[in-house]
Amino acid sequence: MKKYLPLIIAGLLAVLPLIGLSSYWMHILILVIMWSVIGMAWNLLGGYCGQVSFGHAAFFGVGAYTAGILYNKLGVSAWWGLPLSIMVVTLFALVIGYICLRLKGPFFALGTLAMGVILRVMAENLTTITEGDLGIMIRERTWIEKTWYFYIILILAALAFFLVKKVIESKLGYYFVAIREDQDAAESLGINTTLYKTIALSLSAIITGLAGAFYTNYMGYIDPKIVFALHDISIVTIMVVMVGGVATFWGPFVGAVIMVFLAELIRTIPKLGAAHHTFFGILLIVIIIFLPNGIVGDLPKLKKLLRMGKAA
Amino acid sequence: MTSVQLEVLLQTLISGLLLGGLYALIGIGMTLIMGVMKIINLAHGELMMVGMYIAYVLFSSFHIDPYLSIFIAAPALFLLGVLLQKFLINPVLKVEAIIPENQVILTVGIGMVLANIATIIFSSDYKTTPVDYATKAWYLSDYWKASPIELSLSMPWSVSFCVALMITAALWFFLTKTDIGKSIRATAQDKDAAMLMGVNVERMRVVTFGLGSGLVGAAGCLFIPIYYLYPDLGGQFTLIAFVITILGGLGSTVGAIVGGLILGVFESLTSTYAGMGWAPVGRFMIFVAALIFVPGGIMSLFKKKGLGK
């Protein structure tokens, strides 16, 4: 049963559009799946390899801008951004990795954060390429209905899930965990930590970049402040994983569901709409103090608490 | 080089140095916390933002001069820092988790809440404290009639710079001469040894976090006469503080001062010669260059040359 769980869930999700959900709900579903893709990508690097990145917006934005510039400057369909972003994002990941991976722990986190900001400022200022703050608008939408967008992101999510699972269950995954637990010990056992950290960063960046390229196609408009956003992309990515469960397969998915629904819920509260960062921040603080491994990661702890509650 | 070009260059260097002095104060707060607690405080800029809002409220409702509000804002921020450390950060330091960077993520959460609360209370409009000396300046030609070039020294900038210097000197005195200061430095050097010597490490951590917050709150009061204020301003100053600490060497107070000055001058040069929008890029170019070429920070270079301790 457990073996087929991913297939069952993918199947259930695949038939969802057939029951005639409204456009709004399709949008929410697409967002949930997109965020779980980004979350899975972050989890590969942060959860398994222990390299906490505060700059995943960099890769998201590069992916998004690859698609956008392709459309805007070369007149090619923005969908070609998906395959092309793999190459472009890998390049960026190698450069960023070269600079940031020499930092350890919290310093790596801040280094990547700075990288995200650098790329945002570059995108704002290189107006001849990126149109700067005007942003890039995809003028012809491919589909008006959201069904096909849904299937595309679902396929991306399935591929990402499959990739992460394969990587983690292979020797590579054990190297990653060894690096997370103790980098010096891993190094002394003959693991080329720099190489494997670079691999983890590149894989994670590619998946995030694909989500970014999809975002351009789906939303039809990007500007530097949206796709390179520190709080709304980089930090939300971390929250998706932290809330859902660090270093678990299902954590990012659970986290994405909670985060997207929470964001929508807060938006409906009158007058508090602008306060969603407060709620996110408080949720983050509560999660870190009480469930440091996330909902899926601390499931045994949660169950125990519930049982105690019932007994009392 | 014509005299106009020279004028621009010198003026840029002057404003860079003045800016650097203020940056140094922000950097010192972060480097203190980093040295003693071994964590990065990503809410540092947001704490400064809180300090600035305190100064703003004091100015707009009670007409208290921003420079005087240091005496209210810094203690208030000290208290806020102590509370944050005691009730949020300390518990997390004890929690076992897969990701060791939990405290860093926690400070991000704190920063988000602070910035957002400021947005709710003050809205996201830009605010300033229109003090009457804001545009006053000293001109070189007033003192030296025959001077071939014209330079000016803005009054609020210079006052802020001097106050920043005074605070830094006071801090240096505190850290080297007083008992608590020595205990803080001992904790930063070796936590366990300090504990064995009878230093209350827990309390030192709380005091350090408070001190770092108080310093950055004071920096906020120095910034507000010359800068505008909005709730999301914190993030960029957190990054500035971090770049300074990397540049100066982790946990080194002197390094933070040197790093702050370098960053200020460089940023001022980029905004003059490459355009305002590029100033943040210049800041991070320095950061990247420092990481690649001087990973130990400026202080490690001094040590190599036999200077410093």
# chains A, B, ... in the order shown; residues from 1 in each chain; ligands from 1
$ interface_residues --of "chain B" --to "chain A" --cutoff "8 Å" --atoms "only C-alpha atoms" --output "PDB file with C-alpha atoms, in the first residue's frame"
ATOM      1  CA  ILE B  39      24.129  32.699  15.596  1.00  0.00           C
ATOM      2  CA  ILE B  40      23.277  35.161  12.909  1.00  0.00           C
ATOM      3  CA  LEU B  88      12.266  32.864  21.761  1.00  0.00           C
ATOM      4  CA  PRO B  91      14.346  27.798  23.921  1.00  0.00           C
ATOM      5  CA  VAL B  92      15.173  27.076  20.291  1.00  0.00           C
ATOM      6  CA  VAL B  95      15.536  22.053  20.789  1.00  0.00           C
ATOM      7  CA  GLU B  96      16.923  19.107  18.854  1.00  0.00           C
ATOM      8  CA  ALA B  97      16.195  19.395  15.151  1.00  0.00           C
ATOM      9  CA  ILE B  98      17.421  18.019  11.849  1.00  0.00           C
ATOM     10  CA  ILE B  99      18.358  21.435  10.550  1.00  0.00           C
ATOM     11  CA  PRO B 100      20.857  23.162  12.812  1.00  0.00           C
ATOM     12  CA  GLU B 101      20.073  26.576  11.317  1.00  0.00           C
ATOM     13  CA  ASN B 102      16.734  26.746  13.110  1.00  0.00           C
ATOM     14  CA  VAL B 104      18.549  31.702  11.934  1.00  0.00           C
ATOM     15  CA  LEU B 106      13.606  31.868  13.757  1.00  0.00           C
ATOM     16  CA  VAL B 108      13.765  35.619  10.050  1.00  0.00           C
ATOM     17  CA  GLY B 109      10.333  34.927  11.515  1.00  0.00           C
ATOM     18  CA  ILE B 110      10.876  37.571  14.185  1.00  0.00           C
ATOM     19  CA  GLY B 111      11.973  40.052  11.536  1.00  0.00           C
ATOM     20  CA  MET B 112       8.905  39.336   9.413  1.00  0.00           C
ATOM     21  CA  VAL B 113       6.571  39.889  12.352  1.00  0.00           C
ATOM     22  CA  LEU B 114       8.293  43.142  13.355  1.00  0.00           C
ATOM     23  CA  ASN B 116       4.629  43.543   9.309  1.00  0.00           C
ATOM     24  CA  ILE B 117       3.451  44.984  12.631  1.00  0.00           C
ATOM     25  CA  ILE B 120      -0.029  47.675  10.191  1.00  0.00           C
ATOM     26  CA  LEU B 239      22.342  42.418   4.648  1.00  0.00           C
ATOM     27  CA  PHE B 242      26.173  40.825   7.348  1.00  0.00           C
ATOM     28  CA  GLY B 277      20.398  51.687  -8.628  1.00  0.00           C
ATOM     29  CA  TRP B 278      23.702  49.861  -8.780  1.00  0.00           C
ATOM     30  CA  PRO B 280      23.427  47.447  -3.805  1.00  0.00           C
ATOM     31  CA  VAL B 281      25.268  45.492  -6.478  1.00  0.00           C
ATOM     32  CA  PHE B 284      27.552  42.607  -2.889  1.00  0.00           C
ATOM     33  CA  VAL B 288      31.669  38.169  -3.070  1.00  0.00           C
ATOM     34  CA  LEU B 291      34.546  35.676   0.318  1.00  0.00           C
ATOM     35  CA  ILE B 292      36.768  34.582  -2.535  1.00  0.00           C
TER      36      ILE B 292
END
$ select_by_dssp --residues "stretch 70-232 of chain A" --states "strand (DSSP E)" --output "NGL selection string"
:A and (136-137 or 221-222)
$ residues_around --residues "stretch 68-79 of chain A" --least-positions-apart "2" --cutoff "12 Å" --atoms "only C-alpha atoms" --output "JSON, numbers by chain"
{"A": [61, 62, 63, 64, 65, 66, 81, 82, 83, 84, 85, 88, 123, 127, 128, 129, 130, 131, 132, 135, 136, 137, 138, 139, 140, 141, 142, 149, 152, 210, 211, 212, 213, 214, 215, 216, 217, 218, 219, 220, 221, 222, 223, 224, 227]}
$ write_last_selection --atoms "C-alpha atoms" --output "PDB file, in the first residue's frame"
ATOM      1  CA  GLY A  61      13.615  34.122 -10.807  1.00  0.00           C
ATOM      2  CA  VAL A  62      16.287  32.958 -13.240  1.00  0.00           C
ATOM      3  CA  GLY A  63      13.946  30.232 -14.470  1.00  0.00           C
ATOM      4  CA  ALA A  64      11.092  32.699 -14.786  1.00  0.00           C
ATOM      5  CA  TYR A  65      13.221  35.247 -16.596  1.00  0.00           C
ATOM      6  CA  THR A  66      14.650  32.634 -18.962  1.00  0.00           C
ATOM      7  CA  GLY A  81      11.800  28.359 -21.291  1.00  0.00           C
ATOM      8  CA  LEU A  82      11.156  25.119 -19.433  1.00  0.00           C
ATOM      9  CA  PRO A  83      13.850  23.040 -21.185  1.00  0.00           C
ATOM     10  CA  LEU A  84      16.166  26.003 -21.660  1.00  0.00           C
ATOM     11  CA  SER A  85      15.921  27.055 -18.019  1.00  0.00           C
ATOM     12  CA  VAL A  88      20.631  28.496 -17.661  1.00  0.00           C
ATOM     13  CA  ALA A 123      17.169  42.315 -13.048  1.00  0.00           C
ATOM     14  CA  THR A 127      16.702  47.155 -18.438  1.00  0.00           C
ATOM     15  CA  THR A 128      17.837  46.330 -21.962  1.00  0.00           C
ATOM     16  CA  ILE A 129      17.497  42.619 -21.264  1.00  0.00           C
ATOM     17  CA  THR A 130      14.884  42.306 -18.551  1.00  0.00           C
ATOM     18  CA  GLU A 131      12.789  45.452 -19.068  1.00  0.00           C
ATOM     19  CA  GLY A 132      13.611  46.308 -15.441  1.00  0.00           C
ATOM     20  CA  GLY A 135       8.424  43.486 -16.047  1.00  0.00           C
ATOM     21  CA  ILE A 136       7.691  41.103 -18.871  1.00  0.00           C
ATOM     22  CA  MET A 137       4.172  40.348 -19.964  1.00  0.00           C
ATOM     23  CA  ILE A 138       3.234  37.259 -21.940  1.00  0.00           C
ATOM     24  CA  ARG A 139       0.600  38.747 -24.223  1.00  0.00           C
ATOM     25  CA  GLU A 140      -0.831  35.573 -25.711  1.00  0.00           C
ATOM     26  CA  ARG A 141      -2.055  33.054 -23.159  1.00  0.00           C
ATOM     27  CA  THR A 142      -1.731  29.480 -24.360  1.00  0.00           C
ATOM     28  CA  TYR A 149      -1.632  24.247 -16.763  1.00  0.00           C
ATOM     29  CA  ILE A 152       1.749  20.383 -16.769  1.00  0.00           C
ATOM     30  CA  LEU A 210      11.479  24.775 -13.826  1.00  0.00           C
ATOM     31  CA  ALA A 211       8.815  25.946 -11.391  1.00  0.00           C
ATOM     32  CA  GLY A 212       9.863  29.510 -12.160  1.00  0.00           C
ATOM     33  CA  ALA A 213       9.588  28.977 -15.923  1.00  0.00           C
ATOM     34  CA  PHE A 214       6.172  27.456 -15.377  1.00  0.00           C
ATOM     35  CA  TYR A 215       5.193  30.472 -13.296  1.00  0.00           C
ATOM     36  CA  THR A 216       5.970  32.831 -16.196  1.00  0.00           C
ATOM     37  CA  ASN A 217       3.787  30.807 -18.526  1.00  0.00           C
ATOM     38  CA  TYR A 218       0.992  30.439 -16.033  1.00  0.00           C
ATOM     39  CA  MET A 219       0.796  33.929 -14.550  1.00  0.00           C
ATOM     40  CA  GLY A 220       1.717  35.690 -17.789  1.00  0.00           C
ATOM     41  CA  TYR A 221       3.518  38.522 -16.002  1.00  0.00           C
ATOM     42  CA  ILE A 222       6.798  38.729 -14.115  1.00  0.00           C
ATOM     43  CA  ASP A 223       8.813  41.545 -12.642  1.00  0.00           C
ATOM     44  CA  PRO A 224      11.930  41.496 -10.452  1.00  0.00           C
ATOM     45  CA  VAL A 227      10.016  36.534  -8.864  1.00  0.00           C
TER      46      VAL A 227
END
$ select_by_dssp --residues "stretch 89-241 of chain A" --states "alpha helix (DSSP H)" --output "ChimeraX atom specification"
/A:89-100,105-125,127-130,147-169,171-181,183-188,193-219,224-227,236-241
$ closest_residue --among "B:Ser183, B:Asn90, B:Thr2, B:Thr253" --to "B:Leu171" --atoms "only C-alpha atoms"
B:Thr253
$ closest_residue --among "B:Leu18, B:Leu83, B:Val36, B:Ile149" --to "B:Leu6" --atoms "only C-alpha atoms"
B:Ile149
$ residues_around --residues "stretch 131-134 of chain B" --least-positions-apart "2" --cutoff "6 Å" --atoms "only C-alpha atoms" --output "list in words"
Thr129, Lys136 and Pro156 of chain B
$ write_last_selection --atoms "N, CA and C atoms" --output "JSON list (two decimals), in the first residue's frame"
[["chain", "number", "residue", "atom", "x", "y", "z"],
["B", 129, "THR", "N", 11.75, 62.60, 9.55],
["B", 129, "THR", "CA", 11.65, 63.57, 10.63],
["B", 129, "THR", "C", 12.24, 64.86, 10.10],
["B", 136, "LYS", "N", 21.33, 71.80, 6.60],
["B", 136, "LYS", "CA", 22.49, 72.64, 6.92],
["B", 136, "LYS", "C", 23.78, 71.92, 6.56],
["B", 156, "PRO", "N", 23.80, 67.14, 9.62],
["B", 156, "PRO", "CA", 23.29, 65.94, 10.30],
["B", 156, "PRO", "C", 24.17, 64.72, 10.07]]
$ closest_residue --among "B:Leu211, B:Gly264, B:Gln11, B:Ser271" --to "B:Leu140" --atoms "only C-alpha atoms"
B:Gln11
$ closest_residue --among "A:Gly116, A:Gly255, A:Gly173, A:Pro6" --to "A:Ala57" --atoms "only C-alpha atoms"
A:Gly116
$ residues_around --residues "B:Pro66" --least-positions-apart "2" --cutoff "10 Å" --atoms "only C-alpha atoms" --output "JSON list (two decimals) with C-alpha atoms, in the first residue's frame"
[["chain", "number", "residue", "atom", "x", "y", "z"],
["B", 52, "MET", "CA", 13.83, 54.39, 13.88],
["B", 54, "ILE", "CA", 10.56, 54.96, 18.11],
["B", 55, "ALA", "CA", 12.59, 58.03, 17.17],
["B", 56, "TYR", "CA", 9.96, 58.99, 14.60],
["B", 57, "VAL", "CA", 7.07, 58.73, 17.07],
["B", 58, "LEU", "CA", 9.01, 60.67, 19.71],
["B", 59, "PHE", "CA", 9.74, 63.37, 17.16],
["B", 63, "HIS", "CA", 9.07, 66.97, 19.26],
["B", 64, "ILE", "CA", 12.03, 65.22, 20.78],
["B", 68, "LEU", "CA", 18.15, 62.76, 22.05],
["B", 69, "SER", "CA", 15.79, 59.85, 21.41],
["B", 70, "ILE", "CA", 18.84, 57.58, 21.45],
["B", 71, "PHE", "CA", 18.50, 57.64, 25.22],
["B", 73, "ALA", "CA", 15.30, 54.04, 21.83],
["B", 129, "THR", "CA", 11.65, 63.57, 10.63],
["B", 131, "VAL", "CA", 14.42, 68.50, 11.60],
["B", 218, "ALA", "CA", 20.97, 53.79, 18.47],
["B", 220, "GLY", "CA", 18.51, 53.81, 13.82],
["B", 221, "CYS", "CA", 18.20, 57.10, 15.71],
["B", 222, "LEU", "CA", 21.35, 58.36, 13.99],
["B", 223, "PHE", "CA", 20.02, 57.35, 10.61],
["B", 224, "ILE", "CA", 16.59, 58.91, 10.81],
["B", 225, "PRO", "CA", 17.60, 62.58, 10.40]]
$ atom_distance --atom1 "atom CA of B:Ser61" --atom2 "atom CA of B:Ser158"
25.8 Å
$ residues_around --residues "B:Gly212" --least-positions-apart "5" --cutoff "12 Å" --atoms "only C-alpha atoms" --output "ChimeraX atom specification"
/B:25-37,40-41,43-45,47-48,74-75,77-82,85,168,171,184,204-207,217-219,241,253
$ residues_around --residues "A:Val15" --least-positions-apart "5" --cutoff "10 Å" --atoms "only C-alpha atoms" --output "PyMOL selection string"
chain A and resi 10+20+151
$ closest_residue --among "B:Leu84, B:Ala118, B:Leu22, B:Cys162" --to "B:Leu229" --atoms "only C-alpha atoms"
B:Ala118
$ closest_residue --among "B:Ile167, B:Leu10, B:Leu42, B:Val201" --to "B:Leu215" --atoms "only C-alpha atoms"
B:Ile167
